[in-house]
$ cat entry39.tsv   # TSV, C-alpha atoms and all ligand atoms
chain	number	residue	atom	x	y	z
A	1	MET	CA	169.75	113.12	89.61
A	2	ASN	CA	170.82	113.92	86.03
A	3	ARG	CA	168.49	115.64	83.57
A	4	PHE	CA	168.75	112.81	81.03
A	5	ASP	CA	168.97	109.71	83.22
A	6	GLY	CA	167.68	106.74	81.20
A	7	LYS	CA	166.62	108.92	78.26
A	8	THR	CA	167.66	107.97	74.75
A	9	VAL	CA	169.17	110.73	72.64
A	10	LEU	CA	169.97	110.41	68.94
A	11	ILE	CA	172.52	112.93	67.62
A	12	THR	CA	173.22	113.19	63.90
A	13	GLY	CA	176.70	114.32	62.94
A	14	GLY	CA	177.74	113.19	66.41
A	15	ALA	CA	181.19	111.93	65.46
A	16	ARG	CA	183.05	115.25	65.65
A	17	GLY	CA	182.72	119.00	66.15
A	18	GLN	CA	179.63	120.28	67.91
A	19	GLY	CA	177.87	116.92	67.69
A	20	ALA	CA	180.71	115.22	69.61
A	21	SER	CA	180.50	117.90	72.30
A	22	HIS	CA	176.75	117.29	72.59
A	23	ALA	CA	177.30	113.50	72.76
A	24	ARG	CA	179.80	113.86	75.62
A	25	ALA	CA	177.46	116.15	77.58
A	26	PHE	CA	174.40	113.91	77.19
A	27	GLY	CA	176.53	110.92	78.19
A	28	ALA	CA	177.72	112.76	81.30
A	29	GLU	CA	174.09	113.49	82.22
A	30	GLY	CA	173.02	109.86	82.13
A	31	ALA	CA	171.58	109.48	78.62
A	32	ASN	CA	171.79	106.55	76.25
A	33	VAL	CA	173.57	108.29	73.37
A	34	ILE	CA	173.28	107.31	69.71
A	35	ILE	CA	176.11	108.82	67.70
A	36	ALA	CA	174.72	108.73	64.16
A	37	ASP	CA	177.13	109.78	61.43
A	38	VAL	CA	178.68	108.83	58.11
A	39	ARG	CA	182.11	109.16	59.76
A	40	GLU	CA	182.46	105.60	61.02
A	41	GLU	CA	185.92	105.36	62.60
A	42	ARG	CA	185.60	108.57	64.57
A	43	GLY	CA	182.03	107.82	65.63
A	44	ARG	CA	182.95	104.38	66.92
A	45	ALA	CA	185.95	105.76	68.81
A	46	LEU	CA	183.75	108.34	70.53
A	47	ALA	CA	181.14	105.72	71.46
A	48	ASP	CA	183.94	103.60	72.97
A	49	GLU	CA	185.21	106.61	74.91
A	50	LEU	CA	181.74	107.35	76.32
A	51	GLY	CA	181.23	103.72	77.34
A	52	GLY	CA	178.31	101.42	78.05
A	53	ASN	CA	175.27	103.50	77.16
A	54	SER	CA	176.64	104.94	73.93
A	55	VAL	CA	176.57	103.39	70.49
A	56	PHE	CA	177.62	104.43	67.04
A	57	ILE	CA	175.15	103.85	64.20
A	58	LYS	CA	176.18	104.54	60.63
A	59	LEU	CA	173.58	106.92	59.21
A	60	ASP	CA	173.51	109.12	56.15
A	61	VAL	CA	170.82	111.63	57.07
A	62	SER	CA	169.75	112.04	53.44
A	63	ILE	CA	168.78	108.36	53.03
A	64	PRO	CA	165.32	107.29	54.31
A	65	ALA	CA	166.34	103.60	54.63
A	66	ASP	CA	169.25	104.58	56.91
A	67	TRP	CA	166.83	106.41	59.19
A	68	LYS	CA	164.48	103.42	59.35
A	69	ALA	CA	167.35	101.11	60.27
A	70	ALA	CA	168.77	103.55	62.83
A	71	VAL	CA	165.45	103.98	64.64
A	72	GLU	CA	164.87	100.21	64.66
A	73	GLU	CA	168.32	99.51	66.09
A	74	THR	CA	167.97	102.25	68.70
A	75	GLU	CA	164.59	100.94	69.86
A	76	ARG	CA	165.93	97.39	69.98
A	77	ARG	CA	168.78	98.47	72.26
A	78	PHE	CA	167.20	101.16	74.41
A	79	GLY	CA	163.47	101.45	73.76
A	80	PHE	CA	161.79	104.64	72.55
A	81	ILE	CA	163.70	107.79	71.62
A	82	SER	CA	163.21	110.89	73.82
A	83	VAL	CA	165.49	113.42	72.14
A	84	LEU	CA	166.52	113.98	68.50
A	85	ILE	CA	169.33	116.39	67.69
A	86	ASN	CA	169.39	117.14	63.95
A	87	ASN	CA	172.97	118.43	63.88
A	88	ALA	CA	174.62	116.89	60.79
A	89	GLY	CA	175.47	119.48	58.18
A	90	ILE	CA	177.89	120.26	55.38
A	91	PRO	CA	179.26	123.55	54.07
A	92	ALA	CA	178.57	124.75	50.54
A	93	PRO	CA	181.13	125.59	47.90
A	94	ALA	CA	181.61	129.36	47.77
A	95	VAL	CA	180.13	130.27	44.38
A	96	SER	CA	177.53	132.67	43.02
A	97	ILE	CA	174.08	131.36	42.08
A	98	ALA	CA	174.77	132.15	38.43
A	99	ASP	CA	177.98	130.09	38.37
A	100	SER	CA	176.89	127.27	40.66
A	101	ASP	CA	176.38	123.58	39.88
A	102	PRO	CA	172.85	122.26	40.60
A	103	GLU	CA	174.37	119.00	41.86
A	104	ASP	CA	176.14	120.91	44.64
A	105	TRP	CA	172.87	122.65	45.48
A	106	ASP	CA	171.09	119.27	45.72
A	107	GLN	CA	173.77	117.80	47.96
A	108	VAL	CA	173.67	120.65	50.45
A	109	ILE	CA	169.86	120.69	50.58
A	110	ALA	CA	169.75	116.87	50.89
A	111	THR	CA	172.03	116.87	53.93
A	112	ASN	CA	171.12	120.12	55.69
A	113	LEU	CA	167.36	120.29	55.09
A	114	THR	CA	166.04	116.95	53.82
A	115	GLY	CA	168.15	115.25	56.53
A	116	PRO	CA	166.33	116.93	59.46
A	117	TYR	CA	162.96	116.41	57.71
A	118	LEU	CA	163.66	112.68	57.30
A	119	GLY	CA	164.89	112.53	60.89
A	120	ILE	CA	161.72	114.03	62.33
A	121	ARG	CA	159.62	111.79	60.10
A	122	ALA	CA	161.47	108.66	61.22
A	123	VAL	CA	161.75	109.42	64.94
A	124	VAL	CA	158.31	110.84	65.74
A	125	PRO	CA	156.54	107.44	65.90
A	126	SER	CA	159.09	106.34	68.52
A	127	MET	CA	158.62	109.55	70.53
A	128	ARG	CA	154.85	109.09	70.37
A	129	ARG	CA	155.26	105.58	71.79
A	130	GLY	CA	157.23	107.14	74.65
A	131	GLY	CA	154.59	109.80	75.32
A	132	GLY	CA	156.55	112.83	74.10
A	133	GLY	CA	160.00	114.22	73.44
A	134	ALA	CA	162.18	117.09	72.33
A	135	ILE	CA	163.72	117.85	68.95
A	136	VAL	CA	166.47	120.41	68.41
A	137	ASN	CA	167.47	121.30	64.85
A	138	ILE	CA	170.74	123.07	64.16
A	139	ALA	CA	170.25	126.03	61.84
A	140	SER	CA	172.81	128.85	61.60
A	141	SER	CA	173.13	132.60	62.01
A	142	SER	CA	173.14	132.40	58.18
A	143	SER	CA	169.45	131.54	58.44
A	144	HIS	CA	168.71	135.14	59.46
A	145	VAL	CA	170.47	136.98	56.63
A	146	GLY	CA	171.50	136.63	52.98
A	147	THR	CA	175.15	135.83	52.32
A	148	PRO	CA	176.71	136.20	48.88
A	149	MET	CA	178.22	133.03	47.36
A	150	LEU	CA	176.49	130.70	49.84
A	151	ALA	CA	172.93	130.38	48.47
A	152	SER	CA	172.53	126.64	49.02
A	153	TYR	CA	173.80	126.72	52.61
A	154	VAL	CA	171.82	129.82	53.54
A	155	SER	CA	168.64	128.45	51.92
A	156	SER	CA	169.04	125.09	53.65
A	157	LYS	CA	169.32	126.77	57.04
A	158	TRP	CA	166.37	129.15	56.47
A	159	GLY	CA	164.49	125.96	55.59
A	160	VAL	CA	165.51	124.36	58.88
A	161	ARG	CA	163.82	127.19	60.76
A	162	GLY	CA	160.64	126.80	58.69
A	163	LEU	CA	160.68	123.06	59.29
A	164	THR	CA	161.14	123.68	63.02
A	165	ARG	CA	158.16	125.98	63.38
A	166	THR	CA	155.92	123.73	61.28
A	167	ALA	CA	156.92	120.58	63.16
A	168	ALA	CA	156.30	122.38	66.46
A	169	THR	CA	152.69	123.00	65.43
A	170	GLU	CA	152.11	119.48	64.14
A	171	LEU	CA	153.67	117.75	67.14
A	172	ALA	CA	152.45	119.93	70.00
A	173	ARG	CA	149.57	117.65	70.93
A	174	ASP	CA	151.98	114.70	70.99
A	175	ARG	CA	153.92	116.53	73.75
A	176	ILE	CA	156.91	116.87	71.42
A	177	ARG	CA	158.68	120.24	71.56
A	178	VAL	CA	160.67	121.39	68.50
A	179	ASN	CA	163.19	124.23	68.56
A	180	SER	CA	166.24	125.33	66.60
A	181	ILE	CA	169.61	126.87	67.40
A	182	SER	CA	171.38	129.33	65.12
A	183	PRO	CA	175.10	129.26	65.93
A	184	GLY	CA	177.50	131.90	64.63
A	185	VAL	CA	181.06	130.91	63.74
A	186	ILE	CA	182.05	127.97	65.93
A	187	ASP	CA	185.55	126.52	66.20
A	188	THR	CA	185.14	123.08	64.60
A	189	PRO	CA	186.62	121.33	61.54
A	190	PHE	CA	183.67	122.80	59.62
A	191	ILE	CA	185.50	126.15	59.88
A	192	THR	CA	189.14	125.13	60.33
A	193	GLU	CA	189.40	122.48	57.58
A	194	PRO	CA	189.05	123.02	53.80
A	195	PRO	CA	185.33	122.62	52.94
A	196	ARG	CA	186.36	120.99	49.64
A	197	PRO	CA	189.80	119.81	48.48
A	198	GLY	CA	191.82	122.81	47.37
A	199	GLU	CA	189.55	125.43	48.99
A	200	PRO	CA	190.82	127.52	51.92
A	201	PRO	CA	189.18	126.91	55.31
A	202	THR	CA	186.76	129.62	56.47
A	203	SER	CA	189.07	130.31	59.41
A	204	ASP	CA	191.67	131.63	56.91
A	205	HIS	CA	189.49	134.59	56.00
A	206	PHE	CA	187.15	135.02	58.98
A	207	THR	CA	188.02	137.61	61.58
A	208	ALA	CA	185.92	138.17	64.70
A	209	GLU	CA	187.67	141.50	65.36
A	210	PRO	CA	184.78	143.80	64.27
A	211	PHE	CA	182.11	141.97	66.26
A	212	ALA	CA	180.81	142.36	69.80
A	213	ILE	CA	182.53	139.20	71.07
A	214	GLN	CA	185.89	139.01	69.35
A	215	ARG	CA	186.39	135.27	69.00
A	216	MET	CA	184.86	132.16	67.54
A	217	GLY	CA	182.35	130.26	69.66
A	218	LYS	CA	183.26	126.97	71.33
A	219	PRO	CA	181.24	123.80	70.71
A	220	GLU	CA	180.62	123.50	74.47
A	221	GLU	CA	178.86	126.87	74.42
A	222	ILE	CA	176.35	125.54	71.89
A	223	THR	CA	176.02	122.36	73.95
A	224	LYS	CA	174.89	124.27	77.06
A	225	LEU	CA	172.03	125.94	75.17
A	226	LEU	CA	171.14	122.71	73.42
A	227	MET	CA	170.99	120.73	76.69
A	228	PHE	CA	168.61	123.33	78.09
A	229	LEU	CA	166.30	123.10	75.05
A	230	ALA	CA	166.36	119.29	75.08
A	231	SER	CA	165.59	119.07	78.79
A	232	ASP	CA	162.45	119.52	80.86
A	233	ASP	CA	163.91	122.87	82.00
A	234	ALA	CA	162.60	124.13	78.65
A	235	ALA	CA	159.12	122.61	79.11
A	236	PHE	CA	157.49	125.93	78.10
A	237	VAL	CA	159.65	126.44	74.99
A	238	THR	CA	158.63	125.30	71.53
A	239	GLY	CA	158.72	126.58	67.95
A	240	SER	CA	161.57	128.98	68.71
A	241	ASP	CA	164.98	129.70	67.28
A	242	TYR	CA	167.87	130.66	69.55
A	243	VAL	CA	170.70	132.71	68.07
A	244	ILE	CA	174.07	132.13	69.75
A	245	ASP	CA	176.56	134.03	67.62
A	246	GLY	CA	178.75	136.32	69.72
A	247	GLY	CA	176.82	139.24	68.26
A	248	ILE	CA	177.65	138.69	64.57
A	249	LEU	CA	174.08	139.49	63.55
A	250	LEU	CA	174.43	142.86	65.32
A	251	GLY	CA	176.93	143.77	62.63
A	252	PRO	CA	180.33	145.39	63.17
A	253	ILE	CA	180.70	147.43	66.35
A	254	PRO	CA	181.93	151.01	65.84
A	255	THR	CA	185.55	151.25	67.02
A	256	ASP	CA	184.74	154.06	69.47
A	257	GLY	CA	181.79	152.03	70.87
A	258	GLN	CA	179.33	154.86	69.94
A	301	LIG	N1	180.94	125.49	62.83
A	301	LIG	C1	180.21	126.56	62.54
A	301	LIG	O1	180.72	127.70	62.47
A	301	LIG	C2	178.72	126.43	62.32
A	301	LIG	C3	177.95	127.62	62.35
A	301	LIG	C4	176.58	127.53	62.19
A	301	LIG	C5	175.97	126.29	62.03
A	301	LIG	N2	176.75	125.17	61.99
A	301	LIG	C6	176.05	123.88	61.85
A	301	LIG	O2	176.34	123.09	62.98
A	301	LIG	C7	176.22	121.71	62.65
A	301	LIG	C8	177.42	120.95	63.14
A	301	LIG	O3	178.57	121.43	62.46
A	301	LIG	P1	180.05	121.36	63.05
A	301	LIG	O4	180.52	122.75	63.17
A	301	LIG	O5	180.11	120.49	64.24
A	301	LIG	O6	180.77	120.69	61.78
A	301	LIG	P2	181.64	119.35	61.60
A	301	LIG	O7	181.97	119.32	60.15
A	301	LIG	O8	182.74	119.31	62.58
A	301	LIG	O9	180.62	118.18	61.96
A	301	LIG	C9	179.56	117.82	61.12
A	301	LIG	C10	179.31	116.33	61.27
A	301	LIG	O10	178.21	115.98	60.41
A	301	LIG	C11	178.54	114.75	59.78
A	301	LIG	N3	177.80	114.61	58.54
A	301	LIG	C12	177.97	115.28	57.38
A	301	LIG	N4	177.14	114.83	56.43
A	301	LIG	C13	176.41	113.84	57.00
A	301	LIG	C14	175.38	112.99	56.54
A	301	LIG	N5	174.93	113.04	55.26
A	301	LIG	N6	174.85	112.10	57.40
A	301	LIG	C15	175.30	112.01	58.67
A	301	LIG	N7	176.28	112.78	59.16
A	301	LIG	C16	176.84	113.68	58.33
A	301	LIG	C17	180.05	114.82	59.56
A	301	LIG	O11	180.61	113.55	59.32
A	301	LIG	C18	180.51	115.47	60.86
A	301	LIG	O12	180.79	114.50	61.85
A	301	LIG	C19	176.01	121.67	61.12
A	301	LIG	O13	174.64	121.54	60.84
A	301	LIG	C20	176.49	123.06	60.67
A	301	LIG	O14	175.85	123.47	59.47
A	301	LIG	C21	178.10	125.21	62.13
$ encode --input "entry39.tsv" --output "structure tokens" --more "lines below"
Ligand SMILES: NC(=O)c1ccc[n+]([C@@H]2O[C@H](COP(=O)([O-])OP(=O)(O)OC[C@H]3O[C@@H](n4cnc5c(N)ncnc54)[C@H](O)[C@@H]3O)[C@@H](O)[C@H]2O)c1
Amino acid sequence: MNRFDGKTVLITGGARGQGASHARAFGAEGANVIIADVREERGRALADELGGNSVFIKLDVSIPADWKAAVEETERRFGFISVLINNAGIPAPAVSIADSDPEDWDQVIATNLTGPYLGIRAVVPSMRRGGGGAIVNIASSSSHVGTPMLASYVSSKWGVRGLTRTAATELARDRIRVNSISPGVIDTPFITEPPRPGEPPTSDHFTAEPFAIQRMGKPEEITKLLMFLASDDAAFVTGSDYVIDGGILLGPIPTDGQ
């Protein structure tokens, strides 16, 4: 018996990186998996790889009409939605607040914060029809600190934690649990590819050497925590944020360990 047999799971940003890892794991545990992403070719290829109970739906998380269409198509194929993973996110250009472009700010907030808000808003009626559900929002270790040059990203992820706690209160009586995960630096294209044309990837200047666990995290490590939070194993967990960062928020470890 799999934890997600027959359950329908919608994953935004499911075409690559952490979202693809989550999609594979839910598929392996018996779920109907909706890979919802703007990245069409890759999303379709992954749905084909996962087989029968997986579909790709083109969704831009910042567009309300896309959400409406995605929920309608999901319900038509599989019935009500049990699990929503608000995972889609984009990096911000590295620039100070004073020098930044408000259009860049708007784009990051629209994807990283308005996206999860629109997702919850669109999916909750379906979860109510099914008698409950679980929502996991992907924040970031950046949502626990301030980081120079990354105001829009950091603010969007602090917002995701506020949204999570508020949704958990509003949806508790509907038997819908809402939690967030705050990953540290995870080895995906988000880190290893240029965030914008001409900019160096984060992996060019990030070193894990000073931290407790001296490497980047793997997408599968986030998936294991996420699967727990989305499953009935976490029936007593709601309104919480789970940091999984290899100890980055501890700060640098003294070289002599003292
Ligand atoms: N990789 C890290 O170090 C790290 C650390 C902390 C938090 N995060 C967060 O984890 C989540 C997943 O990131 P990842 O590392 O897998 O990155 P990724 O870039 O590999 O994947 C992100 C996915 O989101 C999709 N996406 C982007 N904008 C979208 C939109 N408007 N609508 C729908 N889909 C969209 C992309 O097409 C892509 O498939 C993001 O929310 C990111 O902010 C990542």
$ residues_around --input "entry39.tsv" --residues "Ser100 in chain A" --least-positions-apart "5" --cutoff "10 Å" --atoms "all atoms listed in the file" --output "list in words"
Pro93, Ala94, Val95, Trp105, Met149, Leu150, Ala151 and Ser152 of chain A
$ atom_distance --input "entry39.tsv" --atom1 "CA of Ile97 in chain A" --atom2 "CA of Val160 in chain A"
20.1 Å
$ residues_around --input "entry39.tsv" --residues "Gln107 in chain A" --least-positions-apart "5" --cutoff "12 Å" --atoms "only C-alpha atoms" --output "JSON list (two decimals) with C-alpha atoms, keeping the file's coordinate frame"
[["chain", "number", "residue", "atom", "x", "y", "z"],
["A", 60, "ASP", "CA", 173.51, 109.12, 56.15],
["A", 61, "VAL", "CA", 170.82, 111.63, 57.07],
["A", 62, "SER", "CA", 169.75, 112.04, 53.44],
["A", 63, "ILE", "CA", 168.78, 108.36, 53.03],
["A", 89, "GLY", "CA", 175.47, 119.48, 58.18],
["A", 90, "ILE", "CA", 177.89, 120.26, 55.38],
["A", 91, "PRO", "CA", 179.26, 123.55, 54.07],
["A", 92, "ALA", "CA", 178.57, 124.75, 50.54],
["A", 93, "PRO", "CA", 181.13, 125.59, 47.90],
["A", 101, "ASP", "CA", 176.38, 123.58, 39.88],
["A", 102, "PRO", "CA", 172.85, 122.26, 40.60],
["A", 112, "ASN", "CA", 171.12, 120.12, 55.69],
["A", 113, "LEU", "CA", 167.36, 120.29, 55.09],
["A", 114, "THR", "CA", 166.04, 116.95, 53.82],
["A", 115, "GLY", "CA", 168.15, 115.25, 56.53],
["A", 152, "SER", "CA", 172.53, 126.64, 49.02],
["A", 153, "TYR", "CA", 173.80, 126.72, 52.61],
["A", 156, "SER", "CA", 169.04, 125.09, 53.65]]
$ closest_residue --input "entry39.tsv" --among "A:Gly162, A:Gly51, A:Pro194, A:Pro125" --to "ligand LIG 301 (chain A)" --atoms "all atoms listed in the file"
A:Pro194
$ residues_around --input "entry39.tsv" --residues "range 179-189 of chain A" --least-positions-apart "4" --cutoff "9 Å" --atoms "all atoms listed in the file" --output "count of residues only"
50
$ closest_residue --input "entry39.tsv" --among "A:Gly52, A:Pro116, A:Gly251, A:Gly79" --to "ligand LIG 301 (chain A)" --atoms "only C-alpha atoms and all ligand atoms"
A:Pro116
$ closest_residue --input "entry39.tsv" --among "A:Glu41, A:Glu170, A:Asp5, A:Asp99" --to "ligand LIG 301 (chain A)" --atoms "only C-alpha atoms and all ligand atoms"
A:Glu41
$ closest_residue --input "entry39.tsv" --among "A:Ile120, A:Val154, A:Val33, A:Met1" --to "Ala47 in chain A" --atoms "all atoms listed in the file"
A:Val33
$ atom_distance --input "entry39.tsv" --atom1 "atom C16 of ligand LIG 301 (chain A)" --atom2 "CA of Asn53 in chain A"
21.5 Å
$ residues_near_point --input "entry39.tsv" --point "(167.1, 114.5, 71.7)" --cutoff "8 Å" --atoms "only C-alpha atoms" --output "list of chain:residue names"
A:Thr8, A:Val9, A:Leu10, A:Ile11, A:Ile81, A:Ser82, A:Val83, A:Leu84, A:Ile85, A:Gly133, A:Ala134, A:Ile135, A:Val136, A:Ala230
$ closest_residue --input "entry39.tsv" --among "A:Phe211, A:Phe80, A:Phe56, A:Phe228" --to "ligand LIG 301 (chain A)" --atoms "all atoms listed in the file"
A:Phe56
$ atom_distance --input "entry39.tsv" --atom1 "CA of Val38 in chain A" --atom2 "CA of Thr202 in chain A"
22.4 Å
$ closest_residue --input "entry39.tsv" --among "A:Gly132, A:Ala88, A:Thr192, A:Arg121" --to "Asp204 in chain A" --atoms "only C-alpha atoms"
A:Thr192
$ residues_around --input "entry39.tsv" --residues "Thr12 in chain A" --least-positions-apart "2" --cutoff "6 Å" --atoms "all atoms listed in the file" --output "ChimeraX atom specification"
/A:14,36-37,86-88
